[in-house]
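Data file: upload29.txt. Format and content: compact mmCIF, C-alpha atoms.
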```txt
# COMPACT_ATOMS: atom_id res chain seq x y z
CA MET O 584 0.00 0.00 0.00
CA ALA O 585 1.24 3.44 -0.86
CA SER O 586 1.83 5.91 1.98
CA ASP O 587 -0.13 9.12 2.59
CA PHE O 588 2.93 11.00 1.49
CA ALA O 589 2.97 9.25 -1.89
CA HIS O 590 -0.76 9.86 -2.29
CA ASP O 591 -0.21 13.55 -1.60
CA LEU O 592 2.52 13.58 -4.24
CA VAL O 593 0.25 11.87 -6.75
CA ALA O 594 -2.45 14.47 -6.06
CA LEU O 595 0.14 17.19 -6.78
CA LEU O 596 1.28 15.64 -10.08
CA PRO O 597 -0.93 17.82 -12.32
CA ARG O 598 0.63 20.98 -10.86
CA LEU O 599 4.14 19.56 -10.82
CA ARG O 600 3.76 18.69 -14.50
CA ARG O 601 2.57 22.20 -15.24
CA PHE O 602 5.46 23.73 -13.32
CA ALA O 603 7.98 21.49 -15.08
CA ARG O 604 6.43 22.13 -18.50
CA ALA O 605 6.63 25.88 -17.97
CA LEU O 606 10.25 25.61 -16.82
CA ALA O 607 11.55 23.09 -19.31
CA GLY O 608 9.13 23.11 -22.21
CA ALA O 609 9.07 19.73 -23.95
CA PRO O 610 6.48 17.43 -22.32
CA ASP O 611 8.64 14.28 -22.17
CA ARG O 612 11.53 16.21 -20.68
CA ALA O 613 9.18 17.87 -18.18
CA ASP O 614 7.76 14.52 -17.06
CA ASP O 615 11.29 13.19 -16.58
CA LEU O 616 11.93 16.13 -14.25
CA VAL O 617 8.72 15.44 -12.34
CA GLN O 618 9.61 11.78 -11.96
CA SER O 619 13.12 12.53 -10.70
CA ALA O 620 11.77 15.17 -8.32
CA CYS O 621 9.22 12.72 -6.86
CA GLU O 622 11.84 10.05 -6.40
CA ARG O 623 14.12 12.56 -4.71
CA ALA O 624 11.24 13.76 -2.51
CA LEU O 625 10.34 10.24 -1.43
CA ARG O 626 13.93 9.59 -0.40
CA ALA O 627 14.02 12.87 1.51
CA ARG O 628 10.50 12.74 2.93
CA ASP O 629 11.75 12.92 6.52
CA THR O 630 13.09 16.41 5.87
CA PHE O 631 9.64 17.69 4.92
CA GLN O 632 8.08 19.62 7.81
CA PRO O 633 4.45 18.62 8.27
CA GLY O 634 2.20 21.67 8.29
CA THR O 635 4.29 23.51 5.69
CA ARG O 636 3.34 23.65 2.04
CA LEU O 637 4.14 20.47 0.17
CA ASP O 638 3.69 22.20 -3.20
CA ALA O 639 6.35 24.82 -2.44
CA TRP O 640 8.68 22.12 -1.11
CA MET O 641 8.18 20.09 -4.28
CA PHE O 642 8.72 23.13 -6.51
CA ARG O 643 12.07 23.67 -4.79
CA ILE O 644 13.09 20.05 -5.36
CA LEU O 645 11.88 20.08 -8.95
CA ARG O 646 13.77 23.29 -9.68
CA ASN O 647 16.94 21.76 -8.24
CA VAL O 648 16.46 18.69 -10.42
CA TRP O 649 16.02 20.98 -13.41
CA ILE O 650 19.20 22.90 -12.59
CA ASP O 651 21.15 19.65 -12.11
CA ALA O 652 19.87 18.26 -15.40
CA ALA O 653 20.72 21.51 -17.17
CA ARG O 654 24.20 21.47 -15.70
CA ARG O 655 24.73 18.05 -17.23
CA SER O 656 23.26 18.93 -20.60
CA GLY O 657 24.59 22.48 -20.67
CA ALA O 658 21.35 24.40 -21.07
CA ARG O 659 18.32 25.53 -19.15
CA GLY O 660 16.47 26.64 -22.22
CA GLY O 661 12.81 25.95 -22.80
CA GLU O 662 11.82 23.81 -25.79
CA HIS O 663 8.38 24.55 -27.02
CA ALA O 664 6.06 23.41 -29.70
CA GLY O 665 6.33 25.76 -32.65
CA LEU O 666 3.38 27.72 -33.93
CA ASP O 667 2.93 25.37 -36.90
CA GLU O 668 2.56 22.41 -34.63
CA VAL O 669 0.00 24.21 -32.52
CA ALA O 670 -2.01 25.20 -35.57
CA GLU O 671 -2.01 21.56 -36.62
CA GLN O 672 -3.24 20.48 -33.20
CA ALA O 673 -6.01 23.05 -33.37
CA GLY O 674 -7.11 21.60 -36.69
CA TRP O 675 -6.93 18.09 -35.34
CA ASP O 676 -9.03 19.20 -32.43
CA GLY O 677 -11.70 20.19 -34.87
CA ARG O 678 -12.62 23.26 -32.87
CA ASP O 679 -12.39 26.86 -33.88
CA VAL O 680 -9.95 27.87 -31.22
CA THR O 681 -6.96 28.56 -33.42
CA GLU O 682 -6.60 32.19 -32.45
CA THR O 683 -6.66 31.48 -28.74
CA ARG O 684 -4.24 28.61 -29.24
CA LEU O 685 -1.87 30.79 -31.20
CA MET O 686 -1.96 33.37 -28.42
CA LEU O 687 -1.25 30.70 -25.82
CA ALA O 688 1.59 29.33 -27.95
CA LYS O 689 3.02 32.80 -28.42
CA THR O 690 2.97 33.30 -24.65
CA ARG O 691 4.68 29.95 -24.06
CA GLU O 692 7.36 30.89 -26.56
CA ALA O 693 7.86 34.25 -24.87
CA ILE O 694 8.20 32.56 -21.47
CA ALA O 695 10.62 29.98 -22.90
CA ALA O 696 12.71 32.82 -24.34
CA LEU O 697 13.15 34.45 -20.91
CA PRO O 698 16.45 33.83 -19.13
CA PRO O 699 16.06 30.96 -16.63
CA GLU O 700 16.21 33.28 -13.58
CA SER O 701 13.33 35.32 -14.99
CA ARG O 702 11.35 32.35 -16.22
CA GLU O 703 11.32 30.55 -12.90
CA VAL O 704 10.03 33.56 -10.99
CA VAL O 705 7.33 34.26 -13.59
CA VAL O 706 6.24 30.64 -13.44
CA LEU O 707 6.11 30.53 -9.64
CA VAL O 708 4.18 33.78 -9.26
CA CYS O 709 2.05 34.02 -12.40
CA VAL O 710 1.44 30.36 -13.26
CA GLU O 711 1.58 28.69 -9.85
CA GLU O 712 0.29 31.79 -8.03
CA LEU O 713 2.74 31.76 -5.15
CA SER O 714 3.21 34.94 -3.12
CA TYR O 715 6.51 36.80 -3.46
CA ARG O 716 7.58 35.49 -0.07
CA GLU O 717 6.77 31.89 -1.03
CA ALA O 718 8.56 32.28 -4.34
CA ALA O 719 11.58 33.72 -2.52
CA GLU O 720 11.66 30.65 -0.29
CA VAL O 721 11.47 28.26 -3.22
CA LEU O 722 14.26 30.11 -5.02
CA GLU O 723 16.24 30.75 -1.83
CA VAL O 724 16.71 34.44 -2.65
CA PRO O 725 15.54 37.63 -0.87
CA VAL O 726 12.04 38.93 -1.61
CA GLY O 727 13.60 42.04 -3.16
CA THR O 728 15.31 39.83 -5.74
CA VAL O 729 11.98 38.22 -6.61
CA MET O 730 10.46 41.69 -7.07
CA SER O 731 13.17 43.00 -9.37
CA ARG O 732 13.46 39.82 -11.48
CA LEU O 733 9.70 39.51 -11.75
CA SER O 734 9.11 43.08 -12.85
CA ARG O 735 11.84 42.91 -15.51
CA ALA O 736 10.41 39.62 -16.76
CA ARG O 737 6.87 40.96 -16.83
CA VAL O 738 7.89 43.98 -18.90
CA LYS O 739 9.69 41.69 -21.35
CA LEU O 740 6.69 39.41 -21.54
CA ALA O 741 4.32 42.33 -22.08
CA LYS O 742 6.57 43.58 -24.91
CA ALA O 743 6.70 40.16 -26.53
CA LEU O 744 2.93 39.96 -26.42
CA GLY O 745 2.56 43.44 -27.86
CA GLN O 746 0.82 44.74 -24.78
CA VAL O 747 3.30 47.55 -24.19
CA GLN O 748 3.39 50.39 -26.69
CA ASP O 749 6.82 51.26 -27.99
CA GLU O 750 6.78 54.77 -26.60
CA ASP O 751 6.06 53.31 -23.16
CA VAL O 752 9.02 50.99 -23.25
CA PRO O 753 12.19 52.20 -21.65
CA MET Y 621 12.51 54.91 -17.38
CA SER Y 622 13.17 58.61 -16.71
CA GLY Y 623 10.38 60.74 -15.39
CA ARG Y 624 8.08 57.90 -14.40
CA SER Y 625 6.76 58.50 -10.90
CA VAL Y 626 6.23 54.82 -10.12
CA SER Y 627 8.86 52.17 -10.83
CA ASP Y 628 8.06 48.98 -12.74
CA GLU Y 629 8.81 47.06 -9.56
CA ALA Y 630 6.21 48.98 -7.60
CA LEU Y 631 3.67 48.70 -10.44
CA THR Y 632 4.21 44.96 -10.75
CA ALA Y 633 3.95 44.45 -7.00
CA TYR Y 634 0.81 46.60 -6.99
CA ALA Y 635 -0.69 44.50 -9.79
CA ASP Y 636 0.08 41.38 -7.76
CA GLY Y 637 -1.40 42.74 -4.52
CA GLU Y 638 1.99 42.63 -2.82
CA LEU Y 639 2.25 46.24 -1.60
CA ASP Y 640 1.29 47.41 1.88
CA ALA Y 641 -1.68 49.75 2.21
CA ALA Y 642 0.30 53.00 2.18
CA GLU Y 643 2.40 52.11 -0.86
CA ALA Y 644 -0.63 50.75 -2.68
CA ALA Y 645 -2.48 54.03 -2.08
CA ARG Y 646 0.46 56.00 -3.50
CA VAL Y 647 0.53 53.84 -6.65
CA ARG Y 648 -3.23 54.02 -7.04
CA GLU Y 649 -3.14 57.84 -6.98
CA ALA Y 650 -0.27 58.04 -9.43
CA VAL Y 651 -1.97 55.61 -11.84
CA ALA Y 652 -5.23 57.56 -11.66
CA ALA Y 653 -3.37 60.74 -12.62
CA ASP Y 654 -1.28 59.28 -15.46
CA PRO Y 655 -2.80 57.40 -18.43
CA ALA Y 656 0.61 56.10 -19.55
CA LEU Y 657 1.13 54.58 -16.12
CA ALA Y 658 -2.36 53.08 -16.24
CA ARG Y 659 -1.58 51.46 -19.62
CA ARG Y 660 1.65 50.06 -18.25
CA LEU Y 661 -0.14 48.64 -15.21
CA ALA Y 662 -2.74 47.02 -17.49
CA ALA Y 663 0.02 45.47 -19.62
CA LEU Y 664 1.75 44.03 -16.54
CA ARG Y 665 -1.56 42.57 -15.38
CA GLU Y 666 -2.24 41.09 -18.81
CA ALA Y 667 1.22 39.53 -18.93
CA ARG Y 668 0.43 37.72 -15.69
CA GLU Y 669 -2.92 36.52 -16.98
CA ALA Y 670 -1.37 35.40 -20.29
CA ALA Y 671 1.26 33.34 -18.42
CA ARG Y 672 -1.40 31.72 -16.26
CA ALA Y 673 -3.58 30.90 -19.25
CA ALA Y 674 -0.66 29.59 -21.31
CA TYR Y 675 -0.14 26.66 -18.97
CA ALA Y 676 -3.61 26.25 -17.47
CA GLU Y 677 -4.47 23.26 -19.62
CA VAL Y 678 -1.36 21.30 -18.65
CA ALA Y 679 -2.72 20.89 -15.11
CA ARG Y 680 -5.98 19.53 -16.54
CA GLU Y 681 -4.32 16.87 -18.70
CA PRO Y 682 -4.59 13.30 -17.44
CA VAL Y 683 -1.38 12.33 -15.70
CA PRO Y 684 0.41 9.53 -17.60
CA ALA Y 685 -0.13 6.21 -15.88
CA ALA Y 686 3.55 5.37 -16.01
CA LEU Y 687 4.38 8.48 -14.00
CA ILE Y 688 1.91 7.61 -11.25
CA ALA Y 689 3.09 4.02 -11.22
CA THR Y 690 6.69 5.16 -10.86
CA VAL Y 691 5.88 7.44 -7.94
CA LEU Y 692 3.96 4.72 -6.14
CA ALA Y 693 6.69 2.17 -6.87
CA ALA Y 694 9.36 4.56 -5.56
CA ASP Y 695 7.22 4.96 -2.46
CA GLY Y 696 7.34 1.20 -1.90
CA ALA Y 697 11.11 1.27 -2.24
CA ALA Y 698 11.44 3.92 0.46
CA PRO Y 699 10.35 3.13 4.03
CA PRO Y 700 6.99 4.78 4.78
CA ARG Y 701 6.95 7.19 7.67
CA ARG Y 702 3.48 6.21 8.79
CA ALA Y 703 0.90 3.62 7.92
CA ALA Y 704 -1.25 4.10 4.89
CA ASN Y 705 -4.55 5.67 5.78
CA THR Y 706 -6.68 6.71 2.88
CA ASN Y 707 -9.41 9.13 3.75
CA VAL Y 708 -12.31 10.23 1.64
CA ARG Y 709 -11.04 13.74 0.95
CA ARG Y 710 -7.72 12.46 -0.29
CA THR Y 711 -9.43 9.80 -2.36
CA ALA Y 712 -11.58 12.44 -3.97
CA ALA Y 713 -8.58 14.65 -4.68
CA ILE Y 714 -6.78 11.80 -6.37
CA ALA Y 715 -9.79 10.74 -8.38
CA ALA Y 716 -10.23 14.30 -9.57
CA SER Y 717 -6.65 14.81 -10.55
CA VAL Y 718 -5.56 11.58 -12.16
CA ALA Y 719 -6.95 9.56 -14.97
CA LEU Y 720 -5.23 6.36 -14.05
CA VAL Y 721 -4.05 4.96 -10.77
CA VAL Y 722 -1.73 2.03 -10.93
CA GLY Y 723 -0.45 0.70 -7.68
CA GLY Y 724 2.11 -1.68 -6.29
CA MET Y 725 3.63 -4.11 -8.71
CA LEU Y 726 1.09 -3.49 -11.42
CA GLY Y 727 3.30 -1.09 -13.32
CA ALA Y 728 5.77 -3.86 -13.98
CA LEU Y 729 3.02 -6.36 -14.66
CA LEU Y 730 1.10 -4.45 -17.29
CA ALA Y 731 3.85 -2.26 -18.68
CA PRO Y 732 6.84 -4.53 -19.25
CA SER Y 733 8.11 -2.15 -21.90
CA PRO Y 734 9.96 0.98 -20.79
CA THR Y 735 8.11 2.94 -23.46
CA ARG Y 736 5.65 5.13 -21.67
CA MET Y 737 2.92 5.31 -24.22
CA ALA Y 738 2.81 1.56 -24.72
CA HIS Y 739 0.71 0.99 -21.59
CA PRO Y 740 -2.50 -0.76 -22.65
CA LEU Y 741 -4.53 1.25 -20.14
CA ASP Y 742 -2.82 4.55 -20.85
CA PRO Y 743 -5.38 7.37 -20.65
CA LEU Y 744 -3.53 9.52 -23.16
CA GLY Y 745 -3.96 7.14 -26.04
CA PRO Y 746 -6.90 5.24 -27.41
CA ALA Y 747 -7.44 1.72 -26.09
CA THR Y 748 -5.24 -0.90 -27.75
CA PRO Y 749 -7.10 -2.90 -30.43
CA MET Y 750 -7.45 -5.90 -28.12
CA LEU Y 751 -9.00 -3.84 -25.36
CA ALA Y 752 -11.16 -1.88 -27.82
CA ARG Y 753 -12.56 -5.14 -29.27
CA ALA Y 754 -13.54 -6.31 -25.80
CA LEU Y 755 -15.16 -2.96 -24.98
CA ASP Y 756 -16.96 -2.86 -28.32
CA ALA Y 757 -18.37 -6.34 -28.37
CA ALA Y 758 -18.50 -8.05 -24.99
CA ALA Y 759 -21.61 -7.91 -22.83
CA SER Y 760 -21.33 -7.04 -19.16
CA GLY Y 761 -20.65 -10.19 -17.18
CA GLN Y 762 -18.75 -11.72 -20.09
CA GLU Y 763 -15.07 -12.63 -19.90
CA VAL Y 764 -12.58 -12.00 -22.69
CA ALA Y 765 -8.95 -13.07 -23.00
CA PHE Y 766 -6.60 -10.13 -22.46
CA MET Y 767 -2.83 -10.05 -22.22
CA GLY Y 768 -2.49 -13.60 -21.04
CA GLY Y 769 -5.25 -13.13 -18.49
CA MET Y 770 -8.91 -12.25 -18.57
CA ILE Y 771 -10.98 -9.11 -18.71
CA ARG Y 772 -14.45 -9.22 -17.25
CA LEU Y 773 -16.82 -6.50 -18.40
CA LEU Y 774 -18.74 -5.22 -15.38
CA ALA Y 775 -21.26 -2.57 -16.45
CA THR Y 776 -22.11 0.12 -19.00
CA TYR Y 777 -22.99 3.64 -17.86
CA PRO Y 778 -24.54 6.36 -19.97
CA THR Y 779 -23.02 9.85 -19.57
CA ALA Y 780 -23.62 13.14 -21.33
CA GLN Y 781 -20.34 12.64 -23.22
CA GLY Y 782 -21.07 9.08 -24.27
CA PRO Y 783 -21.03 5.59 -22.81
CA CYS Y 784 -18.48 4.40 -20.24
CA ARG Y 785 -17.76 0.78 -19.35
CA SER Y 786 -16.28 -0.60 -16.17
CA PHE Y 787 -14.21 -3.75 -16.36
CA ALA Y 788 -11.91 -5.87 -14.25
CA VAL Y 789 -8.53 -7.15 -15.38
CA GLU Y 790 -7.82 -10.43 -13.64
CA SER Y 791 -4.18 -10.90 -12.78
CA ALA Y 792 -2.01 -11.36 -9.72
CA THR Y 793 -2.87 -7.76 -8.89
CA PRO Y 794 -6.56 -7.27 -9.69
CA VAL Y 795 -7.36 -4.07 -11.57
CA THR Y 796 -10.70 -2.36 -11.94
CA ALA Y 797 -10.96 0.20 -14.69
CA LEU Y 798 -13.34 2.52 -16.48
CA ALA Y 799 -13.12 3.33 -20.20
CA CYS Y 800 -15.24 5.91 -21.96
CA ARG Y 801 -16.06 6.17 -25.62
CA GLU Y 802 -15.06 9.46 -27.22
CA GLY Y 803 -16.21 9.58 -30.79
CA ASP Y 804 -15.02 6.29 -32.22
CA VAL Y 805 -12.37 5.46 -29.68
CA TRP Y 806 -12.36 4.08 -26.17
CA ARG Y 807 -10.08 5.69 -23.64
CA THR Y 808 -9.29 4.38 -20.20
CA ARG Y 809 -10.26 7.10 -17.74
CA ILE Y 810 -9.11 5.35 -14.58
CA ALA Y 811 -7.63 2.01 -13.61
CA VAL Y 812 -7.22 1.09 -9.98
CA ALA Y 813 -4.98 -1.71 -8.78
CA ARG Y 814 -5.61 -3.19 -5.38
CA PRO Y 815 -2.70 -5.48 -4.60
CA VAL Y 816 -3.76 -8.61 -2.76
CA THR Y 817 -2.20 -8.20 0.67
CA ALA Y 818 -0.52 -10.84 2.78
CA GLY Y 819 -3.57 -10.66 5.06
CA GLY Y 820 -5.51 -12.28 2.24
CA PHE Y 821 -7.97 -9.44 1.64
CA THR Y 822 -9.35 -9.75 -1.84
CA PRO Y 823 -11.59 -6.97 -3.07
CA ALA Y 824 -14.94 -7.97 -4.44
CA ALA Y 825 -15.12 -8.04 -8.21
CA GLY Y 826 -17.49 -5.10 -8.21
CA GLU Y 827 -16.89 -1.42 -8.30
CA ASP Y 828 -13.92 0.25 -6.75
CA PRO Y 829 -14.69 3.38 -4.67
CA LEU Y 830 -12.40 5.44 -6.90
CA LEU Y 831 -14.41 4.40 -9.95
CA ARG Y 832 -17.59 5.27 -8.11
CA GLU Y 833 -16.15 8.68 -7.32
CA LEU Y 834 -15.28 9.29 -10.97
CA LEU Y 835 -18.70 8.07 -12.15
CA ASP Y 836 -20.34 10.49 -9.74
CA ARG Y 837 -18.19 13.34 -10.97
CA ILE Y 838 -19.05 12.76 -14.61
CA SER Y 839 -22.73 12.42 -13.65
CA ALA Y 840 -23.03 8.91 -15.04
CA GLY Y 841 -26.52 7.43 -15.10
CA ALA Y 842 -27.55 4.05 -13.75
CA PRO Y 843 -25.96 1.06 -15.50
CA LEU Y 844 -27.75 -0.09 -18.65
CA ASP Y 845 -29.83 -3.23 -18.32
CA ALA Y 846 -28.73 -6.26 -20.35
CA GLU Y 847 -31.25 -5.70 -23.15
CA THR Y 848 -30.47 -2.00 -23.66
CA GLU Y 849 -26.77 -2.79 -23.56
CA ARG Y 850 -27.19 -5.55 -26.15
CA ARG Y 851 -29.00 -3.18 -28.51
CA THR Y 852 -26.34 -0.50 -27.96
CA ILE Y 853 -23.61 -3.00 -28.83
CA GLU Y 854 -25.51 -4.09 -31.95
CA ARG Y 855 -25.87 -0.47 -33.05
CA GLY Y 856 -22.11 -0.09 -32.75
CA TRP Y 857 -22.42 2.40 -29.83
CA ARG Y 858 -24.18 5.03 -31.86
```
Transcribe the structure of this file into structure tokens.
Amino acid sequence: MASDFAHDLVALLPRLRRFARALAGAPDRADDLVQSACERALRARDTFQPGTRLDAWMFRILRNVWIDAARRSGARGGEHAGLDEVAEQAGWDGRDVTETRLMLAKTREAIAALPPESREVVVLVCVEELSYREAAEVLEVPVGTVMSRLSRARVKLAKALGQVQDEDVP
Amino acid sequence: MSGRSVSDEALTAYADGELDAAEAARVREAVAADPALARRLAALREAREAARAAYAEVAREPVPAALIATVLAADGAAPPRRAANTNVRRTAAIAASVALVVGGMLGALLAPSPTRMAHPLDPLGPATPMLARALDAAASGQEVAFMGGMIRLLATYPTAQGPCRSFAVESATPVTALACREGDVWRTRIAVARPVTAGGFTPAAGEDPLLRELLDRISAGAPLDAETERRTIERGWR
């Protein structure tokens, strides 16, 4: 029988997969990260403090796994489905959602193009909806660092999405 | 950057609700007095919403069975801190978040290949031809050969999205599963393995509580009676 801890991890898998996908891009690579992070977490379960947030603890482990994997392979870049592929999927889906899908794909590409330090803070705050303090704990940096990285990343993202007019951009 | 009365950092933190009351009031006033600042704040808000939306659907995808199986298998390899104690809330959370639960040694049993997508009960792909034939043609109560063992069809449930069928895979680790027909293909929505414990507890061949939970969530109707089911099979599930 699986332990409560493992059941809690399984219940978190959808969010861990999302976090990994946003960090690393390609689905198979992201799932490899999730799997390694879960295995690492199960080995280290005694260091988890009951009553604290398991999701934040898992994000920290997953991020470390990502950094370790990148160190081995030499890159922390995101790999994302190109726009053509997304358009194909939309057609396959048979629904008229191409425009929305293209916008989503454009956003994913813009996030993947961010430097890793910017991408991880955007993903923690905007995608996973952690507070600045929680994100700072996951990343093990001061809250001020989260604020400055996040605001630079958000401006970049807004520019990439055409939401910031040129005259507004510094 | 020159001349702007509120920094991007302060605007971003304001958009995220991270400023204290006094700072937030200062930003609010400045934004109200400056249309360019208001546009910039809107853009920062939209960037956040775009990022959230861009990955929202990933968290709704069914989790690959192989991933769940690996986590549960890794759990068995590590000593548990406390005894297993499944409660209803947790059960519901798991049923809502996963499409397939494979426990104990089942991963190795049903997925001898290291290829993830090759799992015959994988929720991401359509049912394998062998499983699809059984789901298409066998009446509930009937047994069909499957992967060196047997599948017993249990029941057929109507849902708004189409019919779903529960079935049991008989093997050393009994599995109960639910597959639903989407268009012309059957997809396994959930498969639950209940390893037979040393204590000799063998679950009844009926419905697993996790299947029940899923059936409730997709508002499945009462199981079809034998005659209705037979006609549905003859019509080719139209």
Spatial neighbours of Ile838 (chain Y), 9 Å, all atoms listed in the file, chain gap at least 4 places, as a list in words: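 Within the cut-off, the hits are Thr779, Ala780, Gln781, Glu833 and Leu834 of chain Y.
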Atomic distance CA of Asp836 (chain Y) - CA of Leu773 (chain Y), expressed in Å with one decimal: 19.4 Å
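Among the candidate residues O:Gln632, O:Asn647, O:Ser734, O:Thr690, the one lying nearest to Arg672 (chain Y) is O:Thr690, with distances computed using all atoms listed in the file.
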Of the listed residues Y:Ala673, Y:Arg648, Y:Val678, Y:Leu661, that which approaches Arg737 (chain O) most closely, counting only C-alpha atoms: Y:Leu661
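Ranking Y:Leu639, Y:Ala644, Y:Ile688, Y:Ala757 by their shortest atom-to-atom distance to chain O, with only C-alpha atoms included, puts Y:Ile688 first.
Minimum atom-to-atom distances from Y:Arg785, Y:Arg665, Y:Arg753, Y:Arg851 to chain O were compared using all atoms listed in the file, and the lowest value belongs to Y:Arg665.
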8 Å contacts from chain O to chain Y using all atoms listed in the file, as a PyMOL selection string: chain O and resi 584-587+589-594+596-598+600-601+604-605+614+618+621-622+625-626+629+687-688+690-691+694+705-706+709-711+714-715+730-731+733-735+737-738+740-741+744+746-747+751-753
Atom pair CA of Leu707 (chain O) / CA of Arg646 (chain O): separation (Å):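 The value is 10.5 Å.
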Given all atoms listed in the file as the counted atoms, nearest of O:Pro610, O:Ala693, O:Arg623, O:Arg643 to Leu722 (chain O):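 Of the candidates, the smallest distance to Leu722 (chain O) is held by O:Arg643.
Reported to one decimal place, the separation of CA of Pro778 (chain Y) from CA of Gln762 (chain Y) is 19.0 Å.
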Pick from Y:Thr852, Y:Thr796, Y:Trp806, Y:Ala747 nearest to Leu830 (chain Y), counting only C-alpha atoms: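 For Leu830 (chain Y), the nearest of the candidates is Y:Thr796.
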Neighbour list for Arg807 (chain Y) as a PyMOL selection string, cut-off 6 Å, all atoms listed in the file, skip fewer than 2 positions in-chain: chain Y and resi 743+746-747+799-800
